[in-house]
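Structure data follow from target_17.pdb (PDB, C-alpha atoms):
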ATOM      1  CA  MET A   1       0.000   0.000   0.000
ATOM      2  CA  GLU A   2       1.097   3.539  -0.744
ATOM      3  CA  ILE A   3      -0.382   6.687   0.757
ATOM      4  CA  TYR A   4      -0.186  10.199  -0.666
ATOM      5  CA  THR A   5      -1.478  13.008   1.496
ATOM      6  CA  GLY A   6      -1.383  16.779   1.583
ATOM      7  CA  GLY A   7      -3.583  19.825   1.627
ATOM      8  CA  ALA A   8      -6.532  20.307  -0.675
ATOM      9  CA  PHE A   9      -5.708  21.316  -4.255
ATOM     10  CA  GLN A  10      -1.998  20.501  -3.988
ATOM     11  CA  GLY A  11      -1.836  18.309  -7.105
ATOM     12  CA  LYS A  12      -1.844  14.928  -5.364
ATOM     13  CA  LEU A  13      -3.713  12.973  -8.036
ATOM     14  CA  GLU A  14      -1.754  14.492 -10.910
ATOM     15  CA  TYR A  15       1.494  13.771  -9.060
ATOM     16  CA  VAL A  16       0.587  10.108  -8.511
ATOM     17  CA  LEU A  17      -0.662   9.571 -12.063
ATOM     18  CA  ALA A  18       2.540  11.039 -13.498
ATOM     19  CA  LYS A  19       4.779   9.133 -11.073
ATOM     20  CA  LYS A  20       3.086   5.771 -11.622
ATOM     21  CA  GLY A  21       2.129   6.149 -15.281
ATOM     22  CA  TYR A  22      -1.541   5.302 -14.676
ATOM     23  CA  GLY A  23      -4.504   6.852 -16.454
ATOM     24  CA  LYS A  24      -7.634   8.269 -14.869
ATOM     25  CA  GLU A  25      -9.458   4.991 -15.573
ATOM     26  CA  SER A  26      -7.446   3.454 -12.721
ATOM     27  CA  VAL A  27      -8.900   5.933 -10.198
ATOM     28  CA  LEU A  28     -11.876   5.354  -7.915
ATOM     29  CA  GLU A  29     -13.283   8.388  -6.137
ATOM     30  CA  GLY A  30     -13.691   7.953  -2.377
ATOM     31  CA  ALA A  31     -17.089   9.661  -2.359
ATOM     32  CA  VAL A  32     -18.645   6.858  -4.436
ATOM     33  CA  ILE A  33     -17.143   3.851  -2.666
ATOM     34  CA  ASN A  34     -19.675   1.392  -1.351
ATOM     35  CA  PRO A  35     -17.639  -0.807   0.991
ATOM     36  CA  LEU A  36     -20.292  -3.520   0.904
ATOM     37  CA  THR A  37     -19.980  -4.022  -2.865
ATOM     38  CA  TYR A  38     -16.352  -2.977  -3.487
ATOM     39  CA  THR A  39     -14.466  -5.696  -5.339
ATOM     40  CA  GLY A  40     -11.229  -3.914  -6.166
ATOM     41  CA  GLY A  41      -9.976  -3.490  -9.691
ATOM     42  CA  TYR A  42      -8.730   0.051  -9.179
ATOM     43  CA  LYS A  43      -5.124   1.043  -8.556
ATOM     44  CA  ILE A  44      -5.915   4.358  -6.846
ATOM     45  CA  ILE A  45      -8.514   5.535  -4.369
ATOM     46  CA  ASN A  46      -8.665   9.337  -4.593
ATOM     47  CA  HIS A  47     -10.285  11.588  -1.978
ATOM     48  CA  PHE A  48     -10.226   8.797   0.593
ATOM     49  CA  HIS A  49     -11.248  11.329   3.249
ATOM     50  CA  GLU A  50     -14.642  11.568   1.514
ATOM     51  CA  PHE A  51     -15.193   7.834   1.965
ATOM     52  CA  ILE A  52     -14.459   8.204   5.668
ATOM     53  CA  ARG A  53     -16.831  11.180   5.886
ATOM     54  CA  ASN A  54     -19.635   9.229   4.179
ATOM     55  CA  TYR A  55     -19.318   6.247   6.529
ATOM     56  CA  ALA A  56     -18.196   7.961   9.741
ATOM     57  CA  ASP A  57     -21.414   6.874  11.468
ATOM     58  CA  LYS A  58     -20.775   3.200  10.535
ATOM     59  CA  PRO A  59     -17.486   2.338  12.262
ATOM     60  CA  GLU A  60     -17.788  -1.422  11.746
ATOM     61  CA  THR A  61     -18.229  -0.963   7.987
ATOM     62  CA  VAL A  62     -15.229   1.376   7.881
ATOM     63  CA  ASN A  63     -13.074  -1.016   9.913
ATOM     64  CA  ASN A  64     -13.950  -3.955   7.658
ATOM     65  CA  PHE A  65     -13.047  -1.927   4.577
ATOM     66  CA  ILE A  66      -9.764  -0.795   6.156
ATOM     67  CA  GLU A  67      -8.878  -4.421   6.929
ATOM     68  CA  MET A  68      -9.572  -5.331   3.314
ATOM     69  CA  LEU A  69      -7.247  -2.528   2.128
ATOM     70  CA  ILE A  70      -4.511  -3.664   4.508
ATOM     71  CA  GLU A  71      -4.841  -7.234   3.221
ATOM     72  CA  ALA A  72      -4.612  -5.957  -0.383
ATOM     73  CA  GLY A  73      -1.104  -4.796   0.501
ATOM     74  CA  ASP A  74       0.959  -3.369  -2.326
ATOM     75  CA  ASP A  75      -1.909  -3.340  -4.796
ATOM     76  CA  ILE A  76      -3.534  -0.063  -3.732
ATOM     77  CA  ILE A  77      -2.652   3.627  -3.632
ATOM     78  CA  ILE A  78      -4.621   5.879  -1.310
ATOM     79  CA  ILE A  79      -4.774   9.629  -1.890
ATOM     80  CA  THR A  80      -6.295  11.739   0.861
ATOM     81  CA  ASP A  81      -6.440  15.330   1.966
ATOM     82  CA  GLN A  82      -4.523  16.106   5.101
ATOM     83  CA  VAL A  83      -7.306  16.706   7.576
ATOM     84  CA  GLY A  84      -6.896  18.109  11.044
ATOM     85  CA  CYS A  85      -4.672  21.109  10.499
ATOM     86  CA  GLY A  86      -6.134  24.534  10.974
ATOM     87  CA  ILE A  87      -9.148  25.747  12.865
ATOM     88  CA  VAL A  88     -11.044  23.181  14.935
ATOM     89  CA  PRO A  89     -14.645  23.063  13.665
ATOM     90  CA  LEU A  90     -17.497  24.044  15.971
ATOM     91  CA  ASP A  91     -19.667  21.209  14.665
ATOM     92  CA  ILE A  92     -19.104  18.080  16.763
ATOM     93  CA  ARG A  93     -19.673  15.782  13.766
ATOM     94  CA  GLU A  94     -16.915  17.538  11.847
ATOM     95  CA  ARG A  95     -14.564  17.155  14.826
ATOM     96  CA  GLU A  96     -15.432  13.470  15.148
ATOM     97  CA  TRP A  97     -14.828  12.938  11.424
ATOM     98  CA  ARG A  98     -11.415  14.645  11.634
ATOM     99  CA  SER A  99     -10.496  12.469  14.593
ATOM    100  CA  LEU A 100     -11.663   9.283  12.858
ATOM    101  CA  HIS A 101      -9.786  10.202   9.697
ATOM    102  CA  GLY A 102      -6.591  10.777  11.673
ATOM    103  CA  ARG A 103      -6.828   7.444  13.486
ATOM    104  CA  ILE A 104      -7.547   5.540  10.262
ATOM    105  CA  MET A 105      -4.696   7.191   8.384
ATOM    106  CA  CYS A 106      -2.280   6.408  11.228
ATOM    107  CA  ARG A 107      -3.326   2.771  11.009
ATOM    108  CA  LEU A 108      -3.003   2.675   7.229
ATOM    109  CA  ALA A 109       0.336   4.499   7.259
ATOM    110  CA  GLY A 110       1.658   1.988   9.757
ATOM    111  CA  ASN A 111       0.876  -0.779   7.254
ATOM    112  CA  ALA A 112       1.972   1.122   4.144
ATOM    113  CA  ARG A 113       5.310   0.556   2.461
ATOM    114  CA  HIS A 114       5.427   4.154   1.208
ATOM    115  CA  VAL A 115       3.925   7.414   2.518
ATOM    116  CA  GLU A 116       4.432  10.736   0.792
ATOM    117  CA  ARG A 117       3.182  14.253   1.419
ATOM    118  CA  ILE A 118       2.477  16.461  -1.594
ATOM    119  CA  ILE A 119       2.944  20.212  -1.304
ATOM    120  CA  CYS A 120       2.491  22.425  -4.398
ATOM    121  CA  GLY A 121       2.786  19.340  -6.589
ATOM    122  CA  ILE A 122       6.124  18.329  -5.046
ATOM    123  CA  GLY A 123       6.491  15.070  -3.158
ATOM    124  CA  GLN A 124       8.107  14.806   0.252
ATOM    125  CA  VAL A 125       8.779  11.212   1.326
ATOM    126  CA  ILE A 126       7.690  10.467   4.903
ATOM    127  CA  LYS A 127       8.138   6.687   4.863
TER     128      LYS A 127
END

Before we go any further, please render this structure as structure tokens.
Amino acid sequence: MEIYTGGAFQGKLEYVLAKKGYGKESVLEGAVINPLTYTGGYKIINHFHEFIRNYADKPETVNNFIEMLIEAGDDIIIITDQVGCGIVPLDIREREWRSLHGRIMCRLAGNARHVERIICGIGQVIK
């Protein structure tokens, strides 16, 4: 597994596509993932934070999907916005989502073979 993270609109997807030589047909958007019917077949999950937002109220479903990604190992690239920096939201659901996202990304990063942060379209290797 590889993880690419960074702020919004920092060129993460373009960076990964250029680095890996994949086309946009290899990308699955996080907002449309249904973890109950997901069968793989994509190289990249983009906007993974949107998947977590959509299923934040279903922790068991999220955990099962995360386990499946960990088991997939080297076959998947996850691209996510870096969430949690900046102003703490007033809305409790937004705070809970940020916290959940952070915990999940720590778990995934611990199992990833490569983690990179993208800033202004430039990669910075973390792991």

Expanded to explicit residues, what is the PyMOL selection byres ((chain A and resi 6-8) around 6) for this file, as number ranges by chain? A: 5, 9-10, 81-82, 117-118

Residues matched by the PyMOL selection byres ((chain A and resi 97-113) around 9) as number ranges by chain: A: 1-3, 49, 52-53, 56-57, 63, 66, 69-70, 73-74, 80, 82-84, 92-96, 114-115, 127

Produce a file of the selected residues containing C-alpha atoms, as a compact mmCIF listing (two decimals), in the coordinates of the input.
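In the end it all went to selection-v5.txt:
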# COMPACT_ATOMS: atom_id res chain seq x y z
CA MET A 1 0.00 0.00 0.00
CA GLU A 2 1.10 3.54 -0.74
CA ILE A 3 -0.38 6.69 0.76
CA HIS A 49 -11.25 11.33 3.25
CA ILE A 52 -14.46 8.20 5.67
CA ARG A 53 -16.83 11.18 5.89
CA ALA A 56 -18.20 7.96 9.74
CA ASP A 57 -21.41 6.87 11.47
CA ASN A 63 -13.07 -1.02 9.91
CA ILE A 66 -9.76 -0.80 6.16
CA LEU A 69 -7.25 -2.53 2.13
CA ILE A 70 -4.51 -3.66 4.51
CA GLY A 73 -1.10 -4.80 0.50
CA ASP A 74 0.96 -3.37 -2.33
CA THR A 80 -6.30 11.74 0.86
CA GLN A 82 -4.52 16.11 5.10
CA VAL A 83 -7.31 16.71 7.58
CA GLY A 84 -6.90 18.11 11.04
CA ILE A 92 -19.10 18.08 16.76
CA ARG A 93 -19.67 15.78 13.77
CA GLU A 94 -16.92 17.54 11.85
CA ARG A 95 -14.56 17.16 14.83
CA GLU A 96 -15.43 13.47 15.15
CA HIS A 114 5.43 4.15 1.21
CA VAL A 115 3.92 7.41 2.52
CA LYS A 127 8.14 6.69 4.86

Explicit residue set for the PyMOL selection byres ((chain A and resi 16-25) around 12), as a VMD selection string: chain A and resid 2 to 5 10 to 15 26 to 29 41 to 46 76 to 80 115 to 118 121 to 123

Work out how far CA of Cys85 (chain A) is from CA of His47 (chain A), in Å to one decimal. 16.7 Å

Rank nothing, just name the residue among A:Cys120, A:Gly30, A:Gly40, A:Val125 nearest to Ala72 (chain A), using all atoms listed in the file. A:Gly40

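In this structure, CA of Val32 (chain A) sits 13.9 Å away from CA of Val62 (chain A).
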
Gap from CA of Val88 (chain A) to CA of Glu50 (chain A) - Å, one decimal: 18.1 Å

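Considering the residues A:Tyr55, A:Gly86, A:Glu71, A:Gln124 and counting all atoms listed in the file, Asn34 (chain A) has its shortest atom-to-atom contact with A:Tyr55.
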
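Comparing A:Ile126, A:Ile87, A:Ile119, A:Met68 by their smallest distance to Thr39 (chain A), the closest is A:Met68 (using all atoms listed in the file).
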